[in-house]
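Read the structure below first, then the notes.
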Amino acid sequence: ELLGTVVTALNANPGFSVFICGHSLGGGVASLLTLIWARKEAFRSRSTRIRGLAYGAPCSVCPDLASTPFTRKYVTSIVLDDDFVSRLSLGSATESFMHAIKLGQEKTGCLQRHTEIANEIVSEAEELKLYPAGQVFHLMHNSTRDPTSFSRINISSSMFTVHMPNRYYDEIKKLKAEVYENKKVDLLVD
């Protein structure tokens, strides 16, 4: 239903583009909706451009799709520092849970059997991991653009507070000023 409304609006306004943006869960939805709509005839057969921007989004795509040229063409993901949500998937949560159990078991003396169980579950968790979509910009650590590097939850004192939209806004504003000051190319444009 929404697609029809958007296509009608685009037909009435030639040259317009679609930009889908979201934070947190909205960023995950923006990533997936952009990828779904980019495959629709309404966007493939016209000069209309569709782009998605996700910031602080949970991991939403499988490793095979995370950084394909198609996904990178349409979606940009922004991750701030050790943002917990941007590393969150069933696989990463399962893995963290199992590490916590393992630490607890070391104190009870049942380490060998619990380690075997934890290793089985962690290997299964690898198959459950999802990743940020598209081209990824990791702000602050500036460490990577590879979506698969966000498969583990990083424990830090700021892992929850950096997720807030105002923190993303402040860091993006700083980056924008730096980009313009140094006359670098726009990071969000291919």
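In the structure tokens, chains take the letters A, B, ... in the order shown, each chain's residues start at 1, and ligands count up from 1 in the order shown.
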Exercise for the section: Considering only C-alpha atoms, return as a VMD selection string whatever protein or nucleic-acid residues lie within 9 Å of Ala93 in chain A, sequence-local ones (same chain, fewer than 3 positions apart) excluded. Expected result: chain A and resid 87 to 90 96 to 98 125 129 152 to 153
Export N, CA, C and O atoms of the chosen residues as a tab-separated table (two decimals), in the first residue's frame?
```tsv
chain	number	residue	atom	x	y	z
A	87	ARG	N	25.42	-3.78	17.02
A	87	ARG	CA	26.08	-5.08	17.02
A	87	ARG	C	25.12	-6.19	17.42
A	87	ARG	O	25.49	-7.34	17.56
A	88	LEU	N	23.88	-5.82	17.59
A	88	LEU	CA	22.89	-6.74	18.14
A	88	LEU	C	22.21	-7.59	17.07
A	88	LEU	O	21.68	-7.06	16.10
A	89	SER	N	22.30	-8.89	17.26
A	89	SER	CA	21.54	-9.86	16.46
A	89	SER	C	21.34	-11.07	17.36
A	89	SER	O	21.95	-11.17	18.43
A	90	LEU	N	20.51	-11.99	16.93
A	90	LEU	CA	20.31	-13.19	17.74
A	90	LEU	C	21.63	-13.91	17.97
A	90	LEU	O	21.91	-14.39	19.07
A	96	SER	N	27.15	-13.73	23.51
A	96	SER	CA	27.42	-13.00	24.75
A	96	SER	C	26.85	-13.74	25.96
A	96	SER	O	27.49	-13.83	27.01
A	97	PHE	N	25.65	-14.27	25.79
A	97	PHE	CA	25.02	-15.03	26.86
A	97	PHE	C	25.88	-16.24	27.24
A	97	PHE	O	26.10	-16.53	28.42
A	98	MET	N	26.37	-16.94	26.24
A	98	MET	CA	27.18	-18.12	26.51
A	98	MET	C	28.51	-17.77	27.16
A	98	MET	O	28.99	-18.51	28.02
A	125	ALA	N	25.66	-20.09	17.11
A	125	ALA	CA	25.38	-18.65	17.10
A	125	ALA	C	25.99	-17.97	15.88
A	125	ALA	O	25.42	-17.00	15.37
A	129	LYS	N	24.15	-14.94	13.19
A	129	LYS	CA	24.61	-13.56	13.21
A	129	LYS	C	24.15	-12.80	11.98
A	129	LYS	O	24.14	-13.32	10.87
A	152	ARG	N	30.22	-8.96	16.95
A	152	ARG	CA	30.32	-9.19	18.40
A	152	ARG	C	29.99	-7.92	19.16
A	152	ARG	O	30.33	-6.82	18.74
A	153	ILE	N	29.35	-8.11	20.28
A	153	ILE	CA	29.02	-6.99	21.15
A	153	ILE	C	30.27	-6.60	21.92
A	153	ILE	O	30.91	-7.45	22.55
```
Handout entry: Residue neighbourhood range 163-171 of chain A, 10 Å, only C-alpha atoms, exclusion window fewer than 3 positions, as a ChimeraX atom specification
Key = /A:23-24,55-57,78-86,139-140,158-160,174-177
Generate a file of the selected residues that holds N, CA, C and O atoms, formatted as an mmCIF file, in the first residue's frame.
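Final output, out.cif:
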```cif
data_model
loop_
_atom_site.group_PDB
_atom_site.id
_atom_site.type_symbol
_atom_site.label_atom_id
_atom_site.label_comp_id
_atom_site.auth_asym_id
_atom_site.auth_seq_id
_atom_site.Cartn_x
_atom_site.Cartn_y
_atom_site.Cartn_z
ATOM 1 N N HIS A 23 16.719 5.680 12.825
ATOM 2 C CA HIS A 23 17.631 5.414 13.935
ATOM 3 C C HIS A 23 17.127 4.202 14.699
ATOM 4 O O HIS A 23 15.923 4.002 14.847
ATOM 5 N N SER A 24 18.046 3.376 15.160
ATOM 6 C CA SER A 24 17.746 2.219 15.972
ATOM 7 C C SER A 24 16.857 1.257 15.189
ATOM 8 O O SER A 24 17.188 0.903 14.047
ATOM 9 N N TYR A 55 21.199 4.747 11.082
ATOM 10 C CA TYR A 55 22.202 5.055 12.097
ATOM 11 C C TYR A 55 21.772 4.452 13.430
ATOM 12 O O TYR A 55 20.633 4.517 13.823
ATOM 13 N N GLY A 56 22.739 3.777 14.039
ATOM 14 C CA GLY A 56 22.456 3.073 15.284
ATOM 15 C C GLY A 56 21.481 1.931 15.088
ATOM 16 O O GLY A 56 20.773 1.550 16.010
ATOM 17 N N ALA A 57 21.451 1.356 13.888
ATOM 18 C CA ALA A 57 20.488 0.298 13.576
ATOM 19 C C ALA A 57 20.995 -1.059 14.051
ATOM 20 O O ALA A 57 22.194 -1.311 14.035
ATOM 21 N N ILE A 78 25.573 3.934 9.688
ATOM 22 C CA ILE A 78 26.501 4.683 10.536
ATOM 23 C C ILE A 78 26.459 4.069 11.926
ATOM 24 O O ILE A 78 25.390 3.892 12.510
ATOM 25 N N VAL A 79 27.650 3.729 12.438
ATOM 26 C CA VAL A 79 27.777 3.139 13.763
ATOM 27 C C VAL A 79 28.684 4.048 14.579
ATOM 28 O O VAL A 79 29.769 4.413 14.135
ATOM 29 N N LEU A 80 28.235 4.395 15.760
ATOM 30 C CA LEU A 80 29.006 5.268 16.636
ATOM 31 C C LEU A 80 29.690 4.440 17.720
ATOM 32 O O LEU A 80 29.030 3.725 18.484
ATOM 33 N N ASP A 81 30.983 4.513 17.731
ATOM 34 C CA ASP A 81 31.803 3.915 18.772
ATOM 35 C C ASP A 81 31.413 2.467 19.041
ATOM 36 O O ASP A 81 31.397 1.663 18.126
ATOM 37 N N ASP A 82 31.098 2.111 20.267
ATOM 38 C CA ASP A 82 30.766 0.738 20.653
ATOM 39 C C ASP A 82 29.261 0.547 20.801
ATOM 40 O O ASP A 82 28.808 -0.223 21.651
ATOM 41 N N ASP A 83 28.469 1.236 20.000
ATOM 42 C CA ASP A 83 27.014 1.159 20.095
ATOM 43 C C ASP A 83 26.554 -0.292 20.175
ATOM 44 O O ASP A 83 26.784 -1.088 19.280
ATOM 45 N N PHE A 84 25.917 -0.624 21.269
ATOM 46 C CA PHE A 84 25.421 -1.973 21.537
ATOM 47 C C PHE A 84 24.408 -2.420 20.480
ATOM 48 O O PHE A 84 24.472 -3.542 19.986
ATOM 49 N N VAL A 85 23.472 -1.562 20.127
ATOM 50 C CA VAL A 85 22.400 -1.930 19.211
ATOM 51 C C VAL A 85 22.946 -2.248 17.821
ATOM 52 O O VAL A 85 22.460 -3.150 17.148
ATOM 53 N N SER A 86 23.973 -1.536 17.396
ATOM 54 C CA SER A 86 24.539 -1.758 16.060
ATOM 55 C C SER A 86 25.299 -3.071 15.940
ATOM 56 O O SER A 86 25.756 -3.426 14.858
ATOM 57 N N LEU A 139 32.022 5.735 13.226
ATOM 58 C CA LEU A 139 32.477 7.021 13.737
ATOM 59 C C LEU A 139 33.200 6.856 15.063
ATOM 60 O O LEU A 139 32.827 6.041 15.887
ATOM 61 N N MET A 140 34.199 7.654 15.261
ATOM 62 C CA MET A 140 35.055 7.753 16.436
ATOM 63 C C MET A 140 36.244 6.790 16.348
ATOM 64 O O MET A 140 37.342 7.246 16.285
ATOM 65 N N SER A 158 30.480 3.017 27.563
ATOM 66 C CA SER A 158 29.582 3.871 26.774
ATOM 67 C C SER A 158 28.700 3.087 25.802
ATOM 68 O O SER A 158 28.020 3.679 24.972
ATOM 69 N N MET A 159 28.691 1.761 25.892
ATOM 70 C CA MET A 159 28.006 0.941 24.894
ATOM 71 C C MET A 159 26.512 1.229 24.779
ATOM 72 O O MET A 159 25.924 1.006 23.726
ATOM 73 N N PHE A 160 25.882 1.742 25.829
ATOM 74 C CA PHE A 160 24.463 2.079 25.769
ATOM 75 C C PHE A 160 24.247 3.570 25.514
ATOM 76 O O PHE A 160 23.368 3.954 24.758
ATOM 77 N N LYS A 174 29.915 17.058 13.828
ATOM 78 C CA LYS A 174 31.367 17.252 13.871
ATOM 79 C C LYS A 174 32.020 16.757 12.583
ATOM 80 O O LYS A 174 32.901 17.412 12.031
ATOM 81 N N LEU A 175 31.590 15.603 12.129
ATOM 82 C CA LEU A 175 32.137 15.032 10.902
ATOM 83 C C LEU A 175 31.843 15.925 9.706
ATOM 84 O O LEU A 175 32.715 16.170 8.869
ATOM 85 N N LYS A 176 30.642 16.435 9.641
ATOM 86 C CA LYS A 176 30.263 17.328 8.545
ATOM 87 C C LYS A 176 31.160 18.562 8.531
ATOM 88 O O LYS A 176 31.652 18.970 7.474
ATOM 89 N N ALA A 177 31.387 19.148 9.692
ATOM 90 C CA ALA A 177 32.251 20.326 9.775
ATOM 91 C C ALA A 177 33.667 19.983 9.311
ATOM 92 O O ALA A 177 34.299 20.751 8.580
#
```
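Across the model, the gap from CA of Val75 in chain A to CA of Cys62 in chain A is 14.3 Å.
Between Ile172 in chain A and the residues A:Glu1, A:Thr71, A:Ala42, A:His138, the shortest atom-to-atom distance, using only C-alpha atoms, involves A:His138.
Among A:Leu25, A:Ser157, A:Leu32, A:Gly4, the residue with the shortest atom-to-atom distance to Leu65 in chain A, counting only C-alpha atoms, is A:Leu32.
Of note, CA of Gly22 in chain A and CA of Thr94 in chain A are spaced 25.7 Å apart.
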Exercise for the section: Record the distance separating CA of Leu3 in chain A and CA of Lys40 in chain A, expressed in Å with one decimal. Expected result: 9.4 Å
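For the choices A:Gln135, A:Val7, A:Lys73, A:Gly26, the atom-to-atom distance to Glu41 in chain A is smallest for A:Val7 when using only C-alpha atoms.
Every protein or nucleic acid residue with an atom no more than 12 Å from Leu33 in chain A, counting only C-alpha atoms and leaving out same-chain residues fewer than 4 positions away, appears here: Leu2, Leu3, Val18, Phe19, Ile20, Cys21, Gly22, Gly26, Gly27, Gly28, Val29, Trp37, Ala38, Arg39, Lys40, Ile50, Arg51, Gly52, Leu53, Ala54, Ser60, Val61, Thr71, Tyr74, Val75 and Ala133 of chain A.
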Practice task
Apply DSSP to the structure's backbone, then extract all residues of range 17-110 of chain A labelled helix (DSSP H, G or I) and return them as a VMD selection string.
Solution key: chain A and resid 25 to 38 41 to 44 63 to 66 69 to 74 85 to 87 90 to 106
